[in-house]
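File shown here: entry-v3.pdb, holding PDB, C-alpha atoms and all ligand atoms.
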```pdb
ATOM      1  CA  MET A1482       5.700  13.190 -16.394
ATOM      2  CA  THR A1483       9.083  12.417 -17.991
ATOM      3  CA  GLU A1484       9.428  11.507 -21.652
ATOM      4  CA  LYS A1485      10.626   8.034 -20.605
ATOM      5  CA  THR A1486       7.490   7.399 -18.526
ATOM      6  CA  GLN A1487       5.241   8.531 -21.356
ATOM      7  CA  GLU A1488       7.081   6.204 -23.757
ATOM      8  CA  LEU A1489       6.610   3.287 -21.368
ATOM      9  CA  ILE A1490       2.918   4.058 -21.008
ATOM     10  CA  ASN A1491       2.551   4.181 -24.810
ATOM     11  CA  LYS A1492       4.255   0.800 -25.113
ATOM     12  CA  ILE A1493       1.966  -0.744 -22.467
ATOM     13  CA  LEU A1494      -1.159   0.655 -24.106
ATOM     14  CA  LYS A1495      -0.047  -0.593 -27.540
ATOM     15  CA  LEU A1496       0.688  -4.087 -26.240
ATOM     16  CA  LYS A1497      -2.593  -4.103 -24.334
ATOM     17  CA  LYS A1498      -4.487  -3.495 -27.556
ATOM     18  CA  GLU A1499      -2.495  -6.036 -29.589
ATOM     19  CA  LYS A1500      -2.881  -8.758 -26.964
ATOM     20  CA  ARG A1501      -6.506  -7.969 -26.080
ATOM     21  CA  ALA A1502      -5.553  -7.384 -22.463
ATOM     22  CA  ILE A1503      -7.253  -5.491 -19.668
ATOM     23  CA  ILE A1504      -5.502  -3.880 -16.683
ATOM     24  CA  LEU A1505      -7.135  -4.244 -13.278
ATOM     25  CA  ALA A1506      -5.471  -2.296 -10.470
ATOM     26  CA  HIS A1507      -6.048  -2.324  -6.737
ATOM     27  CA  ASN A1508      -6.674   0.984  -4.952
ATOM     28  CA  TYR A1509      -3.162   0.784  -3.405
ATOM     29  CA  GLN A1510      -1.292   0.774  -6.696
ATOM     30  CA  ARG A1511       1.154   3.546  -7.605
ATOM     31  CA  PRO A1512      -0.591   6.648  -9.052
ATOM     32  CA  GLU A1513       0.851   6.130 -12.549
ATOM     33  CA  ILE A1514      -0.546   2.572 -12.618
ATOM     34  CA  GLN A1515      -3.974   3.672 -11.371
ATOM     35  CA  ASP A1516      -3.995   6.294 -14.131
ATOM     36  CA  ILE A1517      -3.604   3.771 -16.963
ATOM     37  CA  ALA A1518      -5.770   0.983 -15.473
ATOM     38  CA  ASP A1519      -9.045   0.029 -17.123
ATOM     39  CA  TYR A1520     -10.533  -0.522 -13.725
ATOM     40  CA  ILE A1521      -9.507   0.383 -10.142
ATOM     41  CA  GLY A1522     -11.180  -1.142  -7.115
ATOM     42  CA  ASP A1523     -11.138  -3.008  -3.819
ATOM     43  CA  SER A1524     -10.757  -6.769  -3.672
ATOM     44  CA  ILE A1525     -14.441  -7.682  -4.150
ATOM     45  CA  GLU A1526     -14.867  -5.262  -7.046
ATOM     46  CA  LEU A1527     -11.757  -6.572  -8.781
ATOM     47  CA  SER A1528     -12.915 -10.198  -8.327
ATOM     48  CA  ARG A1529     -16.301  -9.330  -9.807
ATOM     49  CA  LYS A1530     -14.719  -7.479 -12.689
ATOM     50  CA  ALA A1531     -12.431 -10.447 -13.423
ATOM     51  CA  MET A1532     -15.430 -12.791 -13.321
ATOM     52  CA  GLU A1533     -17.575 -10.640 -15.594
ATOM     53  CA  GLU A1534     -14.809  -9.877 -18.078
ATOM     54  CA  LYS A1535     -15.821 -11.407 -21.400
ATOM     55  CA  GLU A1536     -13.760  -9.611 -24.040
ATOM     56  CA  ALA A1537     -10.175  -9.709 -22.830
ATOM     57  CA  GLU A1538      -7.852 -12.666 -23.340
ATOM     58  CA  ILE A1539      -5.342 -11.502 -20.735
ATOM     59  CA  ILE A1540      -6.001  -9.880 -17.377
ATOM     60  CA  LEU A1541      -2.991  -7.934 -16.124
ATOM     61  CA  PHE A1542      -3.770  -7.822 -12.418
ATOM     62  CA  SER A1543      -1.781  -5.098 -10.693
ATOM     63  CA  ALA A1544      -2.094  -6.068  -7.040
ATOM     64  CA  VAL A1545      -0.750  -8.898  -4.829
ATOM     65  CA  ASP A1546      -0.755 -12.670  -5.232
ATOM     66  CA  PHE A1547      -4.049 -13.643  -3.598
ATOM     67  CA  MET A1548      -6.053 -11.202  -5.728
ATOM     68  CA  ALA A1549      -4.558 -12.463  -9.007
ATOM     69  CA  GLU A1550      -5.021 -16.043  -7.795
ATOM     70  CA  SER A1551      -8.710 -15.415  -7.064
ATOM     71  CA  ALA A1552      -9.136 -13.903 -10.528
ATOM     72  CA  ALA A1553      -7.503 -16.978 -12.082
ATOM     73  CA  ILE A1554      -9.733 -19.305 -10.045
ATOM     74  CA  LEU A1555     -12.871 -17.432 -11.128
ATOM     75  CA  ASN A1556     -11.681 -17.175 -14.709
ATOM     76  CA  PRO A1557      -9.900 -20.437 -15.581
ATOM     77  CA  GLU A1558     -10.008 -19.844 -19.334
ATOM     78  CA  LYS A1559      -8.136 -16.549 -19.121
ATOM     79  CA  LYS A1560      -4.474 -15.788 -18.596
ATOM     80  CA  VAL A1561      -4.123 -13.748 -15.395
ATOM     81  CA  LEU A1562      -0.731 -12.056 -15.096
ATOM     82  CA  LEU A1563       0.792 -10.511 -12.000
ATOM     83  CA  PRO A1564       3.303  -7.735 -12.879
ATOM     84  CA  SER A1565       5.633  -8.643 -10.051
ATOM     85  CA  LYS A1566       6.138 -12.245  -9.012
ATOM     86  CA  GLY A1567       7.237 -11.340  -5.492
ATOM     87  CA  ALA A1568       4.127  -9.279  -4.663
ATOM     88  CA  ARG A1569       2.789 -11.465  -1.865
ATOM     89  CA  CYS A1570       0.496 -10.375   0.937
ATOM     90  CA  PRO A1571       2.218 -11.274   4.235
ATOM     91  CA  MET A1572      -1.139 -11.630   5.977
ATOM     92  CA  ALA A1573      -2.130 -14.372   3.545
ATOM     93  CA  GLN A1574       1.042 -16.267   4.519
ATOM     94  CA  MET A1575      -0.015 -16.209   8.187
ATOM     95  CA  LEU A1576      -2.623 -18.899   7.695
ATOM     96  CA  PRO A1577      -1.114 -21.944   5.996
ATOM     97  CA  VAL A1578      -3.561 -24.651   4.976
ATOM     98  CA  GLU A1579      -2.245 -27.013   7.680
ATOM     99  CA  GLN A1580      -3.311 -24.495  10.307
ATOM    100  CA  VAL A1581      -6.816 -24.286   8.863
ATOM    101  CA  ARG A1582      -7.085 -28.085   9.104
ATOM    102  CA  ILE A1583      -5.904 -28.061  12.740
ATOM    103  CA  TRP A1584      -8.529 -25.450  13.682
ATOM    104  CA  LYS A1585     -11.226 -27.387  11.847
ATOM    105  CA  GLU A1586     -10.336 -30.530  13.796
ATOM    106  CA  LYS A1587     -10.474 -28.575  17.035
ATOM    107  CA  TYR A1588     -13.918 -27.151  16.198
ATOM    108  CA  PRO A1589     -15.663 -29.694  13.968
ATOM    109  CA  ASN A1590     -18.962 -28.626  12.368
ATOM    110  CA  MET A1591     -18.236 -24.961  12.885
ATOM    111  CA  PRO A1592     -18.416 -22.784   9.740
ATOM    112  CA  VAL A1593     -15.072 -21.450   8.525
ATOM    113  CA  VAL A1594     -15.048 -18.040   6.851
ATOM    114  CA  LEU A1595     -11.802 -16.867   5.304
ATOM    115  CA  TYR A1596     -10.882 -13.386   4.213
ATOM    116  CA  VAL A1597      -9.856 -13.359   0.536
ATOM    117  CA  ASN A1598      -6.378 -12.372   1.793
ATOM    118  CA  THR A1599      -5.471 -16.072   1.965
ATOM    119  CA  LEU A1600      -3.725 -18.508  -0.329
ATOM    120  CA  ALA A1601      -5.800 -20.723  -2.611
ATOM    121  CA  GLU A1602      -5.050 -23.886  -0.569
ATOM    122  CA  ALA A1603      -6.456 -22.252   2.551
ATOM    123  CA  LYS A1604      -9.546 -21.031   0.666
ATOM    124  CA  ALA A1605     -10.095 -24.580  -0.546
ATOM    125  CA  GLU A1606     -10.572 -25.670   3.101
ATOM    126  CA  CYS A1607     -13.163 -23.051   4.057
ATOM    127  CA  ASP A1608     -16.929 -22.806   3.646
ATOM    128  CA  VAL A1609     -17.108 -19.288   2.326
ATOM    129  CA  CYS A1610     -14.794 -16.362   1.593
ATOM    130  CA  CYS A1611     -15.375 -12.712   2.396
ATOM    131  CA  THR A1612     -13.691  -9.364   1.813
ATOM    132  CA  SER A1613     -13.467  -6.337   4.071
ATOM    133  CA  ALA A1614     -16.439  -4.875   2.177
ATOM    134  CA  ASN A1615     -18.797  -7.750   2.979
ATOM    135  CA  ALA A1616     -17.431  -9.675   6.006
ATOM    136  CA  VAL A1617     -20.245  -8.403   8.242
ATOM    137  CA  GLN A1618     -22.935  -9.279   5.687
ATOM    138  CA  ILE A1619     -21.500 -12.776   5.155
ATOM    139  CA  ILE A1620     -21.296 -13.583   8.872
ATOM    140  CA  LYS A1621     -24.844 -12.264   9.428
ATOM    141  CA  ALA A1622     -26.117 -14.450   6.594
ATOM    142  CA  LEU A1623     -24.709 -17.642   8.151
ATOM    143  CA  ASP A1624     -27.013 -19.786  10.215
ATOM    144  CA  ALA A1625     -24.483 -20.058  13.058
ATOM    145  CA  GLU A1626     -23.737 -18.106  16.226
ATOM    146  CA  THR A1627     -20.045 -19.049  16.383
ATOM    147  CA  VAL A1628     -17.722 -18.876  13.400
ATOM    148  CA  LEU A1629     -14.041 -19.595  12.744
ATOM    149  CA  PHE A1630     -12.649 -16.562  10.950
ATOM    150  CA  GLY A1631      -9.184 -15.720   9.595
ATOM    151  CA  PRO A1632      -6.541 -14.565   9.097
ATOM    152  CA  ASP A1633      -7.005 -10.944  10.242
ATOM    153  CA  HIS A1634      -7.819 -10.649  13.963
ATOM    154  CA  ASN A1635      -8.648  -6.933  13.644
ATOM    155  CA  LEU A1636     -11.255  -7.633  10.986
ATOM    156  CA  ALA A1637     -12.490 -10.476  13.213
ATOM    157  CA  TRP A1638     -12.950  -7.942  16.027
ATOM    158  CA  HIS A1639     -14.878  -5.622  13.677
ATOM    159  CA  VAL A1640     -17.145  -8.444  12.536
ATOM    160  CA  GLN A1641     -17.841  -9.608  16.096
ATOM    161  CA  LYS A1642     -18.714  -6.039  17.130
ATOM    162  CA  GLU A1643     -21.050  -5.509  14.166
ATOM    163  CA  THR A1644     -22.804  -8.891  14.217
ATOM    164  CA  GLY A1645     -22.839  -9.767  17.936
ATOM    165  CA  LYS A1646     -21.799 -13.297  16.952
ATOM    166  CA  HIS A1647     -18.902 -15.154  18.536
ATOM    167  CA  ILE A1648     -15.916 -14.987  16.187
ATOM    168  CA  ILE A1649     -12.946 -17.266  16.817
ATOM    169  CA  PRO A1650      -9.921 -15.735  15.039
ATOM    170  CA  ILE A1651      -7.630 -18.167  13.237
ATOM    171  CA  PRO A1652      -4.712 -17.806  13.766
ATOM    172  CA  GLU A1653      -5.098 -15.996  17.073
ATOM    173  CA  ARG A1654      -3.234 -12.887  15.907
ATOM    174  CA  GLY A1655      -3.097 -12.679  12.108
ATOM    175  CA  PHE A1656      -2.547  -9.102  10.968
ATOM    176  CA  CYS A1657      -1.591  -6.725   8.175
ATOM    177  CA  PRO A1658       1.812  -5.165   8.930
ATOM    178  CA  THR A1659       0.865  -1.989   7.063
ATOM    179  CA  HIS A1660      -2.417  -1.375   8.884
ATOM    180  CA  MET A1661      -0.814  -2.125  12.267
ATOM    181  CA  LEU A1662       1.228   1.074  11.756
ATOM    182  CA  PHE A1663      -1.757   3.285  12.525
ATOM    183  CA  GLN A1664      -1.843   4.584  16.085
ATOM    184  CA  LYS A1665      -4.794   6.051  17.942
ATOM    185  CA  GLU A1666      -2.546   8.820  19.393
ATOM    186  CA  ASP A1667      -1.478  10.056  15.925
ATOM    187  CA  ILE A1668      -5.099  10.309  14.828
ATOM    188  CA  GLU A1669      -6.052  12.168  17.999
ATOM    189  CA  ILE A1670      -3.320  14.735  17.316
ATOM    190  CA  LEU A1671      -4.590  15.164  13.738
ATOM    191  CA  LYS A1672      -8.156  15.539  14.994
ATOM    192  CA  ASN A1673      -7.022  18.347  17.302
ATOM    193  CA  GLU A1674      -5.233  20.057  14.440
ATOM    194  CA  HIS A1675      -8.239  19.649  12.112
ATOM    195  CA  PRO A1676     -11.303  19.875  14.367
ATOM    196  CA  ASN A1677     -13.742  19.670  11.434
ATOM    197  CA  ALA A1678     -12.158  16.577   9.901
ATOM    198  CA  VAL A1679     -13.840  13.175   9.937
ATOM    199  CA  VAL A1680     -11.910   9.904  10.186
ATOM    200  CA  ALA A1681     -12.215   6.925   7.825
ATOM    201  CA  VAL A1682     -10.295   3.723   8.597
ATOM    202  CA  HIS A1683      -9.866   0.240   7.191
ATOM    203  CA  PRO A1684     -11.052  -2.668   9.381
ATOM    204  CA  GLU A1685      -7.534  -4.135   9.309
ATOM    205  CA  CYS A1686      -6.578  -1.331  11.746
ATOM    206  CA  MET A1687      -6.421  -2.094  15.470
ATOM    207  CA  PRO A1688      -9.703  -1.936  17.449
ATOM    208  CA  GLU A1689      -8.663   1.236  19.306
ATOM    209  CA  VAL A1690      -8.124   2.937  15.933
ATOM    210  CA  GLN A1691     -11.464   1.681  14.606
ATOM    211  CA  GLN A1692     -13.183   2.936  17.767
ATOM    212  CA  ILE A1693     -12.278   6.599  17.135
ATOM    213  CA  ALA A1694     -13.317   6.470  13.460
ATOM    214  CA  ASP A1695     -16.414   7.996  11.903
ATOM    215  CA  PHE A1696     -16.363   5.324   9.219
ATOM    216  CA  VAL A1697     -14.886   1.817   8.951
ATOM    217  CA  GLY A1698     -14.878   0.086   5.568
ATOM    218  CA  SER A1699     -13.053  -1.378   2.593
ATOM    219  CA  THR A1700     -10.924   0.846   0.359
ATOM    220  CA  SER A1701     -13.711   1.448  -2.174
ATOM    221  CA  GLN A1702     -16.256   1.944   0.602
ATOM    222  CA  MET A1703     -13.913   4.629   1.977
ATOM    223  CA  CYS A1704     -14.012   6.280  -1.481
ATOM    224  CA  ARG A1705     -17.810   6.297  -1.448
ATOM    225  CA  PHE A1706     -17.845   7.626   2.118
ATOM    226  CA  ALA A1707     -15.456  10.448   1.119
ATOM    227  CA  LYS A1708     -17.586  11.378  -1.877
ATOM    228  CA  ASN A1709     -20.852  11.467   0.101
ATOM    229  CA  SER A1710     -19.508  13.082   3.260
ATOM    230  CA  GLU A1711     -20.274  16.741   3.898
ATOM    231  CA  ALA A1712     -16.853  17.072   5.531
ATOM    232  CA  LYS A1713     -14.185  18.972   3.625
ATOM    233  CA  GLU A1714     -11.290  17.360   5.498
ATOM    234  CA  ILE A1715     -10.957  13.615   5.898
ATOM    235  CA  ILE A1716      -8.283  11.732   7.855
ATOM    236  CA  ILE A1717      -7.520   8.427   6.137
ATOM    237  CA  ALA A1718      -6.139   5.330   7.851
ATOM    238  CA  THR A1719      -5.226   2.882   5.134
ATOM    239  CA  GLU A1720      -2.349   2.290   2.720
ATOM    240  CA  ILE A1721      -1.319   5.643   1.208
ATOM    241  CA  GLY A1722      -2.026   4.515  -2.378
ATOM    242  CA  LEU A1723      -5.723   5.208  -1.814
ATOM    243  CA  LEU A1724      -5.011   8.924  -1.385
ATOM    244  CA  HIS A1725      -4.306   9.334  -5.103
ATOM    245  CA  ARG A1726      -7.782   8.115  -6.045
ATOM    246  CA  LEU A1727      -9.450  10.069  -3.231
ATOM    247  CA  ARG A1728      -7.762  13.323  -4.286
ATOM    248  CA  LYS A1729      -8.495  12.766  -7.955
ATOM    249  CA  GLU A1730     -12.182  12.039  -7.334
ATOM    250  CA  ASN A1731     -12.646  14.839  -4.777
ATOM    251  CA  PRO A1732     -10.509  17.820  -5.849
ATOM    252  CA  ASN A1733     -12.322  20.143  -3.442
ATOM    253  CA  LYS A1734     -11.651  18.064  -0.350
ATOM    254  CA  THR A1735      -8.488  17.640   1.704
ATOM    255  CA  PHE A1736      -7.262  14.160   2.564
ATOM    256  CA  ILE A1737      -4.884  13.765   5.463
ATOM    257  CA  PRO A1738      -2.972  10.487   5.846
ATOM    258  CA  ALA A1739      -3.262   9.189   9.410
ATOM    259  CA  TYR A1740       0.310   7.947   8.974
ATOM    260  CA  ALA A1741       2.182   9.121   5.898
ATOM    261  CA  ASP A1742       4.562   6.117   5.805
ATOM    262  CA  ALA A1743       1.831   3.474   5.715
ATOM    263  CA  VAL A1744       3.108   1.743   2.606
ATOM    264  CA  CYS A1745       2.427  -1.857   1.600
ATOM    265  CA  PRO A1746       5.822  -2.798   0.117
ATOM    266  CA  ASN A1747       4.293  -5.723  -1.752
ATOM    267  CA  MET A1748       1.645  -3.640  -3.484
ATOM    268  CA  LYS A1749       4.396  -1.191  -4.436
ATOM    269  CA  LEU A1750       6.509  -3.895  -6.106
ATOM    270  CA  ASN A1751       4.410  -3.306  -9.193
ATOM    271  CA  THR A1752       5.860  -0.603 -11.425
ATOM    272  CA  LEU A1753       5.110   0.541 -14.973
ATOM    273  CA  GLU A1754       8.283  -1.223 -16.095
ATOM    274  CA  ARG A1755       7.116  -4.499 -14.546
ATOM    275  CA  LEU A1756       3.646  -4.128 -16.040
ATOM    276  CA  TYR A1757       5.257  -3.720 -19.427
ATOM    277  CA  LEU A1758       7.519  -6.763 -19.046
ATOM    278  CA  ALA A1759       4.730  -8.981 -17.697
ATOM    279  CA  LEU A1760       2.556  -8.131 -20.670
ATOM    280  CA  LYS A1761       5.332  -8.345 -23.246
ATOM    281  CA  ASN A1762       6.616 -11.743 -22.056
ATOM    282  CA  GLU A1763       3.251 -12.947 -20.720
ATOM    283  CA  GLN A1764       5.044 -13.843 -17.509
ATOM    284  CA  HIS A1765       4.088 -14.446 -13.860
ATOM    285  CA  ALA A1766       0.774 -16.098 -14.704
ATOM    286  CA  ALA A1767      -1.275 -16.931 -11.621
ATOM    287  CA  SER A1768      -1.901 -20.636 -11.617
ATOM    288  CA  VAL A1769      -3.611 -22.871  -9.090
ATOM    289  CA  PRO A1770      -3.689 -26.687  -9.296
ATOM    290  CA  LYS A1771      -7.082 -27.773 -10.648
ATOM    291  CA  ALA A1772      -8.263 -29.732  -7.586
ATOM    292  CA  ILE A1773      -7.468 -26.814  -5.249
ATOM    293  CA  ALA A1774      -8.904 -24.261  -7.667
ATOM    294  CA  GLU A1775     -12.234 -26.112  -7.838
ATOM    295  CA  LYS A1776     -12.638 -26.143  -4.058
ATOM    296  CA  ALA A1777     -11.462 -22.546  -3.656
ATOM    297  CA  ARG A1778     -13.847 -21.493  -6.413
ATOM    298  CA  ARG A1779     -16.744 -22.982  -4.473
ATOM    299  CA  ALA A1780     -15.800 -20.866  -1.420
ATOM    300  CA  LEU A1781     -15.621 -17.715  -3.574
ATOM    301  CA  GLU A1782     -18.901 -18.536  -5.304
ATOM    302  CA  ASN A1783     -20.553 -19.159  -1.923
ATOM    303  CA  MET A1784     -19.602 -15.578  -1.069
ATOM    304  CA  PHE A1785     -21.341 -14.235  -4.192
ATOM    305  CA  THR A1786     -24.392 -16.421  -3.510
ATOM    306  CA  LEU A1787     -24.733 -15.228   0.101
ATOM    307  CA  LEU A1788     -24.361 -11.619  -1.050
ATOM    308  CA  SER A1789     -27.177 -11.975  -3.566
ATOM    309  CA  HIS A1790     -29.728 -13.010  -0.890
TER     310      HIS A1790
HETATM  311  P1  LIG A1801      -9.837  -3.924   0.228
HETATM  312  O1  LIG A1801     -10.648  -5.087  -0.199
HETATM  313  O2  LIG A1801     -10.517  -3.043   1.219
HETATM  314  O3  LIG A1801      -9.360  -3.135  -0.950
HETATM  315  O4  LIG A1801      -8.565  -4.441   1.031
HETATM  316  C1  LIG A1801      -7.609  -5.270   0.507
HETATM  317  C2  LIG A1801      -6.389  -5.219   1.289
HETATM  318  O5  LIG A1801      -5.434  -5.891   1.023
HETATM  319  C3  LIG A1801      -6.361  -4.321   2.415
HETATM  320  O6  LIG A1801      -5.106  -4.278   2.957
HETATM  321 FE1  LIG A1802      -1.733  -7.586   2.557
HETATM  322 FE2  LIG A1802      -1.779  -5.492   4.194
HETATM  323 FE3  LIG A1802      -0.635  -5.255   1.827
HETATM  324 FE4  LIG A1802      -3.299  -5.482   2.054
HETATM  325  S1  LIG A1802      -2.000  -3.799   2.765
HETATM  326  S2  LIG A1802      -1.999  -6.544   0.593
HETATM  327  S3  LIG A1802      -3.452  -6.905   3.759
HETATM  328  S4  LIG A1802       0.008  -6.572   3.517
END
```
Would you mind giving the structure from this file in structure tokens?
Ligand code: 13P
Ligand code: SF4
Amino acid sequence: MTEKTQELINKILKLKKEKRAIILAHNYQRPEIQDIADYIGDSIELSRKAMEEKEAEIILFSAVDFMAESAAILNPEKKVLLPSKGARCPMAQMLPVEQVRIWKEKYPNMPVVLYVNTLAEAKAECDVCCTSANAVQIIKALDAETVLFGPDHNLAWHVQKETGKHIIPIPERGFCPTHMLFQKEDIEILKNEHPNAVVAVHPECMPEVQQIADFVGSTSQMCRFAKNSEAKEIIIATEIGLLHRLRKENPNKTFIPAYADAVCPNMKLNTLERLYLALKNEQHAASVPKAIAEKARRALENMFTLLSH
């Protein structure tokens, strides 16, 4: 680590203490951010952490817009700061609220489940939210055989396969540009090169990629799988940021990226410098208009309620 980086880290940690702040970081954040975070996790874990956080006055949420927005919705009395204003998940932009309303008109009385990777206005129009860690559990818990589900059509495919229910994806082909980079052929080549390796993939990957995996789950579920697996070599199909955590937690195992350039440019907009500036100037606060926040909060709380049954 350079002297400059260490200085920056010291300044962030000092400010954090002075301002009674906590740093939450998603599993895709840069290694140096993961290393100074108070908590690292997948989207459901970070939402829970934000909701349970009692001490801190500021939550510095190193991730993308929809995650910080959800934290602000669940924690209206706290200041939730996003290090980089432009860190927006493109998948969340694929389902504007107007589209949700059109689909609801087309299929009245059908439950609408939205992935947390959506904007607050879209969440406000749905019945319940889900994350990649619990989408299957949420759909199973609903008293309905057909469900409108968006915006990721690959996750919709996964949920339909696991639940046997009829899932109507909204929009028809919402996707994560980063996870669409994974190709079945690349993984097959890696499997030939490492015959003892197992394959863990995120459900945002294409169905043909999911079908050759030994495990499909959220980023933190992939961490648990890696820890518990007997395998010494694991091929990973998700954003490369997760590899830092996997390697740190499992120094005796080898992690092989299924595609080494699978970078989420939005997640990577957050840098130590930007964390420092956000905290120093208390800038880029996530804010959601009250009426929308109240409705979106209900959808997020419905998720927690269904999970507790
Ligand atoms: P996780 O909830 O699995 O961390 O996924 C969030 C995400 O944005 C995946 O691309
Ligand atoms: Fe959005 Fe994909 Fe980036 Fe996750 S990895 S934040 S789904 S663009």
- Message: Please find the residues contacting ligand LIG 1801 (chain A) at a distance of at most 6 Å between atoms, with all atoms listed in the file counted, and report them as a VMD selection string.
- Response: chain A and resid 1523 to 1524 1612 to 1613 1699 to 1700
Which residues of chain A have any atom within 7 Å of an atom in ligand LIG 1802 (chain A) when counting only C-alpha atoms and all ligand atoms, and what is the closest pair of atoms for each, with the distance in Å to one decimal? Order the rows by chain and rising number and write it as a tab-separated table.
```
residue	atom	partner	partner_atom	distance
A:Val1545	CA	A:LIG1802	S2	6.0
A:Cys1570	CA	A:LIG1802	FE1	3.9
A:Pro1571	CA	A:LIG1802	S4	5.2
A:Met1572	CA	A:LIG1802	FE1	5.3
A:Ala1573	CA	A:LIG1802	FE1	6.9
A:Asn1598	CA	A:LIG1802	S3	6.5
A:Cys1657	CA	A:LIG1802	FE2	4.2
A:Pro1658	CA	A:LIG1802	S4	5.9
A:Thr1659	CA	A:LIG1802	FE2	5.2
A:His1660	CA	A:LIG1802	FE2	6.3
A:Glu1720	CA	A:LIG1802	S1	6.1
A:Cys1745	CA	A:LIG1802	FE3	4.6
A:Asn1747	CA	A:LIG1802	FE3	6.1
A:Met1748	CA	A:LIG1802	FE3	6.0
```
Now that the selection is made, can you save its residues with C-alpha atoms as a CSV table (one decimal), in the coordinates of the input?
```
chain,number,residue,atom,x,y,z
A,1545,VAL,CA,-0.8,-8.9,-4.8
A,1570,CYS,CA,0.5,-10.4,0.9
A,1571,PRO,CA,2.2,-11.3,4.2
A,1572,MET,CA,-1.1,-11.6,6.0
A,1573,ALA,CA,-2.1,-14.4,3.5
A,1598,ASN,CA,-6.4,-12.4,1.8
A,1657,CYS,CA,-1.6,-6.7,8.2
A,1658,PRO,CA,1.8,-5.2,8.9
A,1659,THR,CA,0.9,-2.0,7.1
A,1660,HIS,CA,-2.4,-1.4,8.9
A,1720,GLU,CA,-2.3,2.3,2.7
A,1745,CYS,CA,2.4,-1.9,1.6
A,1747,ASN,CA,4.3,-5.7,-1.8
A,1748,MET,CA,1.6,-3.6,-3.5
```
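Atom CA of A:Leu1787 to atom CA of A:Ala1614 spans 13.4 Å [interatomic distance, one decimal].
Against the coordinates shown, the PyMOL selection byres (((chain A and resi 1567) around 10) and not hetatm) returns A:Val1545, A:Asp1546, A:Leu1563, A:Pro1564, A:Ser1565, A:Lys1566, A:Ala1568, A:Arg1569, A:Cys1570, A:Asn1747, A:Met1748, A:Leu1750, A:Asn1751, A:His1765.
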Notebook entry, point to check: Could you write out as number ranges by chain the residues that the PyMOL selection byres (((chain A and resi 1684) around 10) and not hetatm) matches in the shown file?
Noted result: A: 1613-1614, 1633-1640, 1660, 1681-1683, 1685-1688, 1690-1691, 1696-1700, 1718-1719
Write the residues of the selection above to a file with C-alpha atoms, as an mmCIF file, in the frame of the given file.
```
data_model
loop_
_atom_site.group_PDB
_atom_site.id
_atom_site.type_symbol
_atom_site.label_atom_id
_atom_site.label_comp_id
_atom_site.auth_asym_id
_atom_site.auth_seq_id
_atom_site.Cartn_x
_atom_site.Cartn_y
_atom_site.Cartn_z
ATOM 1 C CA SER A 1613 -13.467 -6.337 4.071
ATOM 2 C CA ALA A 1614 -16.439 -4.875 2.177
ATOM 3 C CA ASP A 1633 -7.005 -10.944 10.242
ATOM 4 C CA HIS A 1634 -7.819 -10.649 13.963
ATOM 5 C CA ASN A 1635 -8.648 -6.933 13.644
ATOM 6 C CA LEU A 1636 -11.255 -7.633 10.986
ATOM 7 C CA ALA A 1637 -12.490 -10.476 13.213
ATOM 8 C CA TRP A 1638 -12.950 -7.942 16.027
ATOM 9 C CA HIS A 1639 -14.878 -5.622 13.677
ATOM 10 C CA VAL A 1640 -17.145 -8.444 12.536
ATOM 11 C CA HIS A 1660 -2.417 -1.375 8.884
ATOM 12 C CA ALA A 1681 -12.215 6.925 7.825
ATOM 13 C CA VAL A 1682 -10.295 3.723 8.597
ATOM 14 C CA HIS A 1683 -9.866 0.240 7.191
ATOM 15 C CA GLU A 1685 -7.534 -4.135 9.309
ATOM 16 C CA CYS A 1686 -6.578 -1.331 11.746
ATOM 17 C CA MET A 1687 -6.421 -2.094 15.470
ATOM 18 C CA PRO A 1688 -9.703 -1.936 17.449
ATOM 19 C CA VAL A 1690 -8.124 2.937 15.933
ATOM 20 C CA GLN A 1691 -11.464 1.681 14.606
ATOM 21 C CA PHE A 1696 -16.363 5.324 9.219
ATOM 22 C CA VAL A 1697 -14.886 1.817 8.951
ATOM 23 C CA GLY A 1698 -14.878 0.086 5.568
ATOM 24 C CA SER A 1699 -13.053 -1.378 2.593
ATOM 25 C CA THR A 1700 -10.924 0.846 0.359
ATOM 26 C CA ALA A 1718 -6.139 5.330 7.851
ATOM 27 C CA THR A 1719 -5.226 2.882 5.134
#
```
TODO: Carefully work through the PyMOL selection byres (((chain A and resi 1723) around 10) and not hetatm) for this structure and note down the residues it includes, as a ChimeraX atom specification.
DONE: /A:1507-1512,1515,1522,1700-1701,1703-1704,1717-1722,1724-1728,1738
What separates atom CA of A:Ala1766 and atom CA of A:Lys1530 is a distance of 17.8 Å
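The point (2.5, -13.4, -21.1) has these residues within 12 Å of it, counting only C-alpha atoms: Leu1496, Lys1497, Lys1500, Arg1501, Ala1502, Glu1538, Ile1539, Ile1540, Leu1541, Lys1559, Lys1560, Val1561, Leu1562, Leu1563, Pro1564, Arg1755, Leu1756, Tyr1757, Leu1758, Ala1759, Leu1760, Lys1761, Asn1762, Glu1763, Gln1764, His1765, Ala1766 and Ala1767 of chain A.
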message: Which residues are near A:Val1597? Cut-off 9 Å, all atoms listed in the file, ignore same chain within fewer than 3 positions. Put them as a PyMOL selection string.
response: chain A and resi 1524-1525+1547-1548+1551+1573+1600-1601+1604+1610-1613+1781
Q | 12 Å contact set for A:Phe1785, all atoms listed in the file, chain neighbours under 3 positions out, as number ranges by chain | A | A: 1525-1526, 1528-1529, 1532, 1555, 1609-1612, 1615-1616, 1618-1619, 1622, 1778-1782, 1788-1790
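Note that atom CA of A:Ala1712 and atom CA of A:Pro1676 are 10.8 Å apart.
Considering all atoms listed in the file, the residue among A:Leu1576, A:Pro1746, A:Lys1708, A:Lys1665 positioned nearest to A:Pro1732 is A:Lys1708.
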